[in-house]
file input10.pdb (PDB, C-alpha atoms, pLDDT in the B column)
ATOM      1  CA  MET A   1     -20.925-187.533 145.322  1.00 83.00           C
ATOM      2  CA  SER A   2     -23.240-185.080 147.052  1.00 82.00           C
ATOM      3  CA  ILE A   3     -26.270-187.080 145.951  1.00 88.00           C
ATOM      4  CA  LEU A   4     -24.810-190.174 147.578  1.00 90.00           C
ATOM      5  CA  PHE A   5     -24.257-188.331 150.872  1.00 87.00           C
ATOM      6  CA  SER A   6     -27.719-186.768 150.811  1.00 88.00           C
ATOM      7  CA  LEU A   7     -29.345-190.134 150.101  1.00 89.00           C
ATOM      8  CA  THR A   8     -27.365-191.618 152.984  1.00 90.00           C
ATOM      9  CA  ALA A   9     -28.704-188.859 155.224  1.00 90.00           C
ATOM     10  CA  VAL A  10     -32.284-189.571 154.135  1.00 90.00           C
ATOM     11  CA  VAL A  11     -31.835-193.300 154.744  1.00 91.00           C
ATOM     12  CA  MET A  12     -30.489-192.561 158.238  1.00 90.00           C
ATOM     13  CA  VAL A  13     -33.499-190.424 159.082  1.00 89.00           C
ATOM     14  CA  LEU A  14     -35.926-193.048 157.809  1.00 90.00           C
ATOM     15  CA  LYS A  15     -34.051-195.790 159.668  1.00 89.00           C
ATOM     16  CA  SER A  16     -34.128-193.750 162.886  1.00 86.00           C
ATOM     17  CA  PHE A  17     -37.928-193.508 162.669  1.00 84.00           C
ATOM     18  CA  THR A  18     -38.210-197.280 162.321  1.00 84.00           C
ATOM     19  CA  LYS A  19     -35.872-198.140 165.228  1.00 77.00           C
ATOM     20  CA  ARG A  20     -38.475-198.111 167.979  1.00 74.00           C
ATOM     21  CA  LYS A  21     -36.898-200.850 170.055  1.00 78.00           C
ATOM     22  CA  ARG A  22     -33.555-199.065 170.393  1.00 82.00           C
ATOM     23  CA  ALA A  23     -33.818-195.396 171.331  1.00 81.00           C
ATOM     24  CA  ARG A  24     -30.069-194.769 171.529  1.00 84.00           C
ATOM     25  CA  VAL A  25     -29.480-196.171 168.030  1.00 87.00           C
ATOM     26  CA  ALA A  26     -32.265-193.959 166.692  1.00 87.00           C
ATOM     27  CA  TRP A  27     -30.641-190.977 168.422  1.00 88.00           C
ATOM     28  CA  LEU A  28     -27.215-191.739 166.931  1.00 91.00           C
ATOM     29  CA  LEU A  29     -28.698-192.142 163.457  1.00 91.00           C
ATOM     30  CA  THR A  30     -30.388-188.772 163.790  1.00 90.00           C
ATOM     31  CA  ILE A  31     -27.135-187.117 164.888  1.00 92.00           C
ATOM     32  CA  MET A  32     -25.127-188.800 162.107  1.00 92.00           C
ATOM     33  CA  ASN A  33     -27.683-187.452 159.639  1.00 92.00           C
ATOM     34  CA  HIS A  34     -26.400-183.933 160.320  1.00 90.00           C
ATOM     35  CA  PHE A  35     -22.832-184.910 159.458  1.00 89.00           C
ATOM     36  CA  PHE A  36     -23.892-186.361 156.109  1.00 90.00           C
ATOM     37  CA  VAL A  37     -25.987-183.285 155.319  1.00 88.00           C
ATOM     38  CA  VAL A  38     -22.932-181.071 155.894  1.00 86.00           C
ATOM     39  CA  LEU A  39     -20.870-183.377 153.667  1.00 85.00           C
ATOM     40  CA  ALA A  40     -23.492-183.144 150.919  1.00 85.00           C
ATOM     41  CA  ILE A  41     -23.607-179.353 151.190  1.00 83.00           C
ATOM     42  CA  SER A  42     -19.830-179.089 151.131  1.00 81.00           C
ATOM     43  CA  PHE A  43     -19.694-180.716 147.698  1.00 81.00           C
ATOM     44  CA  ASN A  44     -22.238-178.290 146.243  1.00 79.00           C
ATOM     45  CA  GLU A  45     -21.314-175.029 147.923  1.00 75.00           C
ATOM     46  CA  SER A  46     -18.033-173.497 148.886  1.00 75.00           C
ATOM     47  CA  PHE A  47     -18.015-172.547 152.528  1.00 70.00           C
ATOM     48  CA  ASP A  48     -15.365-172.205 155.184  1.00 69.00           C
ATOM     49  CA  TYR A  49     -15.249-175.217 157.485  1.00 67.00           C
ATOM     50  CA  SER A  50     -13.555-173.232 160.250  1.00 65.00           C
ATOM     51  CA  SER A  51     -16.423-170.787 160.631  1.00 75.00           C
ATOM     52  CA  GLN A  52     -19.672-172.267 159.335  1.00 78.00           C
ATOM     53  CA  GLY A  53     -19.199-176.018 159.250  1.00 77.00           C
ATOM     54  CA  LEU A  54     -17.417-176.421 162.543  1.00 82.00           C
ATOM     55  CA  LEU A  55     -19.767-174.064 164.347  1.00 86.00           C
ATOM     56  CA  TYR A  56     -22.794-176.041 163.169  1.00 86.00           C
ATOM     57  CA  LEU A  57     -21.232-179.451 163.771  1.00 87.00           C
ATOM     58  CA  SER A  58     -19.924-178.492 167.208  1.00 89.00           C
ATOM     59  CA  GLY A  59     -23.481-177.754 168.327  1.00 90.00           C
ATOM     60  CA  VAL A  60     -24.702-181.012 166.819  1.00 91.00           C
ATOM     61  CA  PHE A  61     -21.891-182.944 168.512  1.00 92.00           C
ATOM     62  CA  ILE A  62     -22.487-181.389 171.938  1.00 91.00           C
ATOM     63  CA  ALA A  63     -26.257-181.869 171.745  1.00 90.00           C
ATOM     64  CA  GLY A  64     -25.767-185.421 170.502  1.00 91.00           C
ATOM     65  CA  ALA A  65     -23.369-186.322 173.298  1.00 92.00           C
ATOM     66  CA  VAL A  66     -25.577-184.807 176.005  1.00 90.00           C
ATOM     67  CA  GLY A  67     -28.648-186.520 174.550  1.00 87.00           C
ATOM     68  CA  PHE A  68     -26.850-189.878 174.394  1.00 90.00           C
ATOM     69  CA  VAL A  69     -25.747-189.564 178.027  1.00 89.00           C
ATOM     70  CA  CYS A  70     -29.310-188.682 179.060  1.00 84.00           C
ATOM     71  CA  LEU A  71     -30.715-191.672 177.179  1.00 83.00           C
ATOM     72  CA  SER A  72     -28.082-193.945 178.726  1.00 84.00           C
ATOM     73  CA  ARG A  73     -29.000-192.769 182.216  1.00 84.00           C
ATOM     74  CA  LEU A  74     -32.684-193.201 181.490  1.00 80.00           C
ATOM     75  CA  LYS A  75     -31.981-196.735 180.303  1.00 79.00           C
ATOM     76  CA  SER A  76     -30.133-197.507 183.538  1.00 81.00           C
ATOM     77  CA  ILE A  77     -33.146-196.274 185.512  1.00 77.00           C
ATOM     78  CA  GLU A  78     -35.823-197.937 183.374  1.00 73.00           C
ATOM     79  CA  LYS A  79     -33.877-201.082 182.323  1.00 73.00           C
ATOM     80  CA  SER A  80     -35.735-200.984 179.012  1.00 69.00           C
ATOM     81  CA  LEU A  81     -35.773-197.879 176.857  1.00 68.00           C
ATOM     82  CA  LYS A  82     -38.078-198.333 173.888  1.00 67.00           C
ATOM     83  CA  LEU A  83     -39.737-195.565 171.947  1.00 67.00           C
ATOM     84  CA  LYS A  84     -43.063-197.401 172.058  1.00 67.00           C
ATOM     85  CA  GLN A  85     -43.341-197.123 175.854  1.00 62.00           C
ATOM     86  CA  PHE A  86     -42.065-193.738 176.936  1.00 58.00           C
ATOM     87  CA  HIS A  87     -44.921-192.934 179.298  1.00 58.00           C
ATOM     88  CA  GLY A  88     -44.073-192.042 182.869  1.00 58.00           C
ATOM     89  CA  VAL A  89     -40.324-191.656 182.426  1.00 61.00           C
ATOM     90  CA  PHE A  90     -40.502-187.929 183.086  1.00 64.00           C
ATOM     91  CA  ALA A  91     -42.028-188.498 186.522  1.00 64.00           C
ATOM     92  CA  LYS A  92     -39.306-190.952 187.586  1.00 68.00           C
ATOM     93  CA  ALA A  93     -36.312-189.018 186.275  1.00 70.00           C
ATOM     94  CA  SER A  94     -37.462-185.443 185.865  1.00 73.00           C
ATOM     95  CA  CYS A  95     -33.995-183.840 185.891  1.00 79.00           C
ATOM     96  CA  ILE A  96     -32.599-186.132 183.197  1.00 77.00           C
ATOM     97  CA  SER A  97     -35.760-185.832 181.117  1.00 73.00           C
ATOM     98  CA  LEU A  98     -35.712-182.047 181.352  1.00 76.00           C
ATOM     99  CA  CYS A  99     -32.057-182.022 180.269  1.00 78.00           C
ATOM    100  CA  PHE A 100     -32.854-184.248 177.274  1.00 76.00           C
ATOM    101  CA  PHE A 101     -35.834-182.148 176.210  1.00 75.00           C
ATOM    102  CA  THR A 102     -33.696-178.994 176.481  1.00 78.00           C
ATOM    103  CA  VAL A 103     -31.064-180.547 174.213  1.00 75.00           C
ATOM    104  CA  VAL A 104     -33.643-181.732 171.702  1.00 73.00           C
ATOM    105  CA  SER A 105     -35.296-178.352 171.402  1.00 69.00           C
TER
END
call {"tool": "encode", "arguments": {"input": "input10.pdb", "output": "structure tokens"}}
result
Amino acid sequence: MSILFSLTAVVMVLKSFTKRKRARVAWLLTIMNHFFVVLAISFNESFDYSSQGLLYLSGVFIAGAVGFVCLSRLKSIEKSLKLKQFHGVFAKASCISLCFFTVVS
């Protein structure tokens, strides 16, 4: 079962790199990758969800939600948010871009 979840996580990462026309879908696939990695680890190792799993996933969830909101606002400003043409977005929406880059790092 853990192999299935880990392969699903790998497929999500590879799919997120190929989704250049839809930045928000690529972002959601990257965030969902973390959930499948935790599921794969939980089948192999015994760890306490209340301390380790929830702490890790709460950070992933918060960063994912903030990143999705930032990408949604950038799309409303730019009207077209593709990963192929990301040049100049920081100059137009510096506060939102700075928030997104803080979440990503």
call {"tool": "residues_near_point", "arguments": {"input": "input10.pdb", "point": "(-22.7, -181.5, 169.2)", "cutoff": "12 Å", "atoms": "all atoms listed in the file", "output": "MDAnalysis selection string"}}
result
chainID A and resid 28 30:32 34:35 53:68 103:104
call {"tool": "atom_distance", "arguments": {"input": "input10.pdb", "atom1": "CA of Leu14 in chain A", "atom2": "CA of Ala93 in chain A"}}
result
28.8 Å
call {"tool": "closest_residue", "arguments": {"input": "input10.pdb", "among": "A:Ser97, A:Ser51, A:Ser76, A:Asn33", "to": "Ser16 in chain A", "atoms": "all atoms listed in the file"}}
result
A:Asn33
call {"tool": "atom_distance", "arguments": {"input": "input10.pdb", "atom1": "CA of Val69 in chain A", "atom2": "CA of Ala23 in chain A"}}
result
12.0 Å
call {"tool": "closest_residue", "arguments": {"input": "input10.pdb", "among": "A:Ser42, A:Ser72, A:Thr8, A:Gln52", "to": "Arg22 in chain A", "atoms": "only C-alpha atoms"}}
result
A:Ser72
call {"tool": "atom_distance", "arguments": {"input": "input10.pdb", "atom1": "CA of Leu29 in chain A", "atom2": "CA of Lys15 in chain A"}}
result
7.5 Å
call {"tool": "residues_near_point", "arguments": {"input": "input10.pdb", "point": "(-27.7, -187.9, 148.7)", "cutoff": "12 Å", "atoms": "only C-alpha atoms", "output": "ChimeraX atom specification"}}
result
/A:1-12,33,36-41,43-44
call {"tool": "axis_aligned_box", "arguments": {"input": "input10.pdb", "around": "range 11-15 of chain A", "padding_each_side": "4 Å", "output": "JSON"}}
result
{"center_x": -33.2, "center_y": -193.1, "center_z": 157.2, "size_x": 13.4, "size_y": 13.4, "size_z": 12.9}
call {"tool": "decode", "arguments": {"input": "input10.pdb", "residues": "range 36-51 of chain A", "atoms": "all heavy atoms", "output": "mmCIF file, in the first residue's frame"}}
result
data_model
loop_
_atom_site.group_PDB
_atom_site.id
_atom_site.type_symbol
_atom_site.label_atom_id
_atom_site.label_comp_id
_atom_site.auth_asym_id
_atom_site.auth_seq_id
_atom_site.Cartn_x
_atom_site.Cartn_y
_atom_site.Cartn_z
ATOM 1 N N PHE A 36 0.378 12.617 0.266
ATOM 2 C CA PHE A 36 0.618 11.231 -0.122
ATOM 3 C C PHE A 36 1.949 10.715 0.405
ATOM 4 O O PHE A 36 2.083 9.525 0.698
ATOM 5 C CB PHE A 36 0.521 11.072 -1.640
ATOM 6 C CG PHE A 36 -0.888 10.967 -2.122
ATOM 7 C CD1 PHE A 36 -1.541 12.062 -2.635
ATOM 8 C CD2 PHE A 36 -1.574 9.780 -2.032
ATOM 9 C CE1 PHE A 36 -2.844 11.978 -3.067
ATOM 10 C CE2 PHE A 36 -2.882 9.666 -2.455
ATOM 11 C CZ PHE A 36 -3.522 10.776 -2.974
ATOM 12 N N VAL A 37 2.933 11.577 0.540
ATOM 13 C CA VAL A 37 4.206 11.163 1.140
ATOM 14 C C VAL A 37 4.000 10.780 2.600
ATOM 15 O O VAL A 37 4.519 9.758 3.074
ATOM 16 C CB VAL A 37 5.270 12.278 0.990
ATOM 17 C CG1 VAL A 37 6.470 12.019 1.873
ATOM 18 C CG2 VAL A 37 5.689 12.411 -0.454
ATOM 19 N N VAL A 38 3.209 11.573 3.334
ATOM 20 C CA VAL A 38 2.930 11.248 4.737
ATOM 21 C C VAL A 38 2.147 9.939 4.832
ATOM 22 O O VAL A 38 2.389 9.124 5.729
ATOM 23 C CB VAL A 38 2.183 12.411 5.428
ATOM 24 C CG1 VAL A 38 1.657 12.000 6.781
ATOM 25 C CG2 VAL A 38 3.112 13.595 5.577
ATOM 26 N N LEU A 39 1.206 9.721 3.915
ATOM 27 C CA LEU A 39 0.478 8.450 3.909
ATOM 28 C C LEU A 39 1.421 7.278 3.651
ATOM 29 O O LEU A 39 1.308 6.231 4.301
ATOM 30 C CB LEU A 39 -0.610 8.473 2.843
ATOM 31 C CG LEU A 39 -1.947 9.049 3.256
ATOM 32 C CD1 LEU A 39 -2.868 9.126 2.049
ATOM 33 C CD2 LEU A 39 -2.581 8.220 4.333
ATOM 34 N N ALA A 40 2.345 7.428 2.729
ATOM 35 C CA ALA A 40 3.292 6.357 2.434
ATOM 36 C C ALA A 40 4.201 6.084 3.628
ATOM 37 O O ALA A 40 4.485 4.923 3.952
ATOM 38 C CB ALA A 40 4.119 6.711 1.207
ATOM 39 N N ILE A 41 4.632 7.124 4.298
ATOM 40 C CA ILE A 41 5.490 6.955 5.479
ATOM 41 C C ILE A 41 4.721 6.307 6.618
ATOM 42 O O ILE A 41 5.250 5.478 7.364
ATOM 43 C CB ILE A 41 6.097 8.305 5.904
ATOM 44 C CG1 ILE A 41 7.117 8.758 4.868
ATOM 45 C CG2 ILE A 41 6.749 8.226 7.276
ATOM 46 C CD1 ILE A 41 7.620 10.165 5.074
ATOM 47 N N SER A 42 3.452 6.653 6.749
ATOM 48 C CA SER A 42 2.669 6.110 7.861
ATOM 49 C C SER A 42 2.463 4.602 7.746
ATOM 50 O O SER A 42 2.281 3.926 8.763
ATOM 51 C CB SER A 42 1.317 6.805 7.943
ATOM 52 O OG SER A 42 0.497 6.438 6.845
ATOM 53 N N PHE A 43 2.514 4.049 6.555
ATOM 54 C CA PHE A 43 2.395 2.606 6.412
ATOM 55 C C PHE A 43 3.695 1.877 6.715
ATOM 56 O O PHE A 43 3.683 0.702 7.067
ATOM 57 C CB PHE A 43 1.921 2.233 5.002
ATOM 58 C CG PHE A 43 0.452 2.408 4.809
ATOM 59 C CD1 PHE A 43 -0.040 3.466 4.083
ATOM 60 C CD2 PHE A 43 -0.437 1.520 5.377
ATOM 61 C CE1 PHE A 43 -1.398 3.635 3.900
ATOM 62 C CE2 PHE A 43 -1.799 1.671 5.208
ATOM 63 C CZ PHE A 43 -2.274 2.731 4.473
ATOM 64 N N ASN A 44 4.822 2.569 6.586
ATOM 65 C CA ASN A 44 6.114 1.934 6.848
ATOM 66 C C ASN A 44 6.618 2.159 8.263
ATOM 67 O O ASN A 44 7.278 1.301 8.825
ATOM 68 C CB ASN A 44 7.169 2.447 5.865
ATOM 69 C CG ASN A 44 6.992 1.851 4.498
ATOM 70 O OD1 ASN A 44 6.494 0.749 4.359
ATOM 71 N ND2 ASN A 44 7.403 2.595 3.486
ATOM 72 N N GLU A 45 6.366 3.291 8.817
ATOM 73 C CA GLU A 45 6.874 3.638 10.139
ATOM 74 C C GLU A 45 5.713 3.870 11.094
ATOM 75 O O GLU A 45 4.624 4.247 10.686
ATOM 76 C CB GLU A 45 7.715 4.924 10.064
ATOM 77 C CG GLU A 45 8.966 4.799 9.255
ATOM 78 C CD GLU A 45 10.019 3.949 9.923
ATOM 79 O OE1 GLU A 45 10.079 3.950 11.170
ATOM 80 O OE2 GLU A 45 10.757 3.272 9.200
ATOM 81 N N SER A 46 5.967 3.674 12.337
ATOM 82 C CA SER A 46 4.943 3.996 13.329
ATOM 83 C C SER A 46 5.298 5.348 13.953
ATOM 84 O O SER A 46 6.340 5.508 14.575
ATOM 85 C CB SER A 46 4.881 2.919 14.405
ATOM 86 O OG SER A 46 6.111 2.822 15.075
ATOM 87 N N PHE A 47 4.455 6.301 13.726
ATOM 88 C CA PHE A 47 4.662 7.616 14.326
ATOM 89 C C PHE A 47 3.320 8.149 14.774
ATOM 90 O O PHE A 47 2.267 7.726 14.314
ATOM 91 C CB PHE A 47 5.388 8.581 13.387
ATOM 92 C CG PHE A 47 4.611 8.985 12.176
ATOM 93 C CD1 PHE A 47 3.882 10.160 12.174
ATOM 94 C CD2 PHE A 47 4.616 8.213 11.033
ATOM 95 C CE1 PHE A 47 3.168 10.548 11.062
ATOM 96 C CE2 PHE A 47 3.915 8.598 9.913
ATOM 97 C CZ PHE A 47 3.186 9.759 9.924
ATOM 98 N N ASP A 48 3.379 9.093 15.683
ATOM 99 C CA ASP A 48 2.174 9.661 16.281
ATOM 100 C C ASP A 48 1.655 10.786 15.392
ATOM 101 O O ASP A 48 2.348 11.764 15.148
ATOM 102 C CB ASP A 48 2.497 10.186 17.676
ATOM 103 C CG ASP A 48 1.271 10.620 18.433
ATOM 104 O OD1 ASP A 48 0.160 10.191 18.064
ATOM 105 O OD2 ASP A 48 1.433 11.376 19.398
ATOM 106 N N TYR A 49 0.437 10.609 14.896
ATOM 107 C CA TYR A 49 -0.150 11.628 14.021
ATOM 108 C C TYR A 49 -0.359 12.944 14.750
ATOM 109 O O TYR A 49 -0.264 14.014 14.166
ATOM 110 C CB TYR A 49 -1.487 11.162 13.455
ATOM 111 C CG TYR A 49 -1.370 10.244 12.292
ATOM 112 C CD1 TYR A 49 -1.694 8.913 12.408
ATOM 113 C CD2 TYR A 49 -0.916 10.707 11.073
ATOM 114 C CE1 TYR A 49 -1.582 8.058 11.336
ATOM 115 C CE2 TYR A 49 -0.793 9.865 9.990
ATOM 116 C CZ TYR A 49 -1.128 8.545 10.132
ATOM 117 O OH TYR A 49 -1.002 7.702 9.072
ATOM 118 N N SER A 50 -0.650 12.886 16.057
ATOM 119 C CA SER A 50 -0.968 14.119 16.775
ATOM 120 C C SER A 50 0.254 15.009 16.950
ATOM 121 O O SER A 50 0.119 16.219 17.079
ATOM 122 C CB SER A 50 -1.579 13.798 18.141
ATOM 123 O OG SER A 50 -0.649 13.092 18.934
ATOM 124 N N SER A 51 1.443 14.445 16.954
ATOM 125 C CA SER A 51 2.610 15.305 17.147
ATOM 126 C C SER A 51 3.377 15.527 15.845
ATOM 127 O O SER A 51 3.600 16.659 15.439
ATOM 128 C CB SER A 51 3.536 14.710 18.209
ATOM 129 O OG SER A 51 4.039 13.472 17.769
#
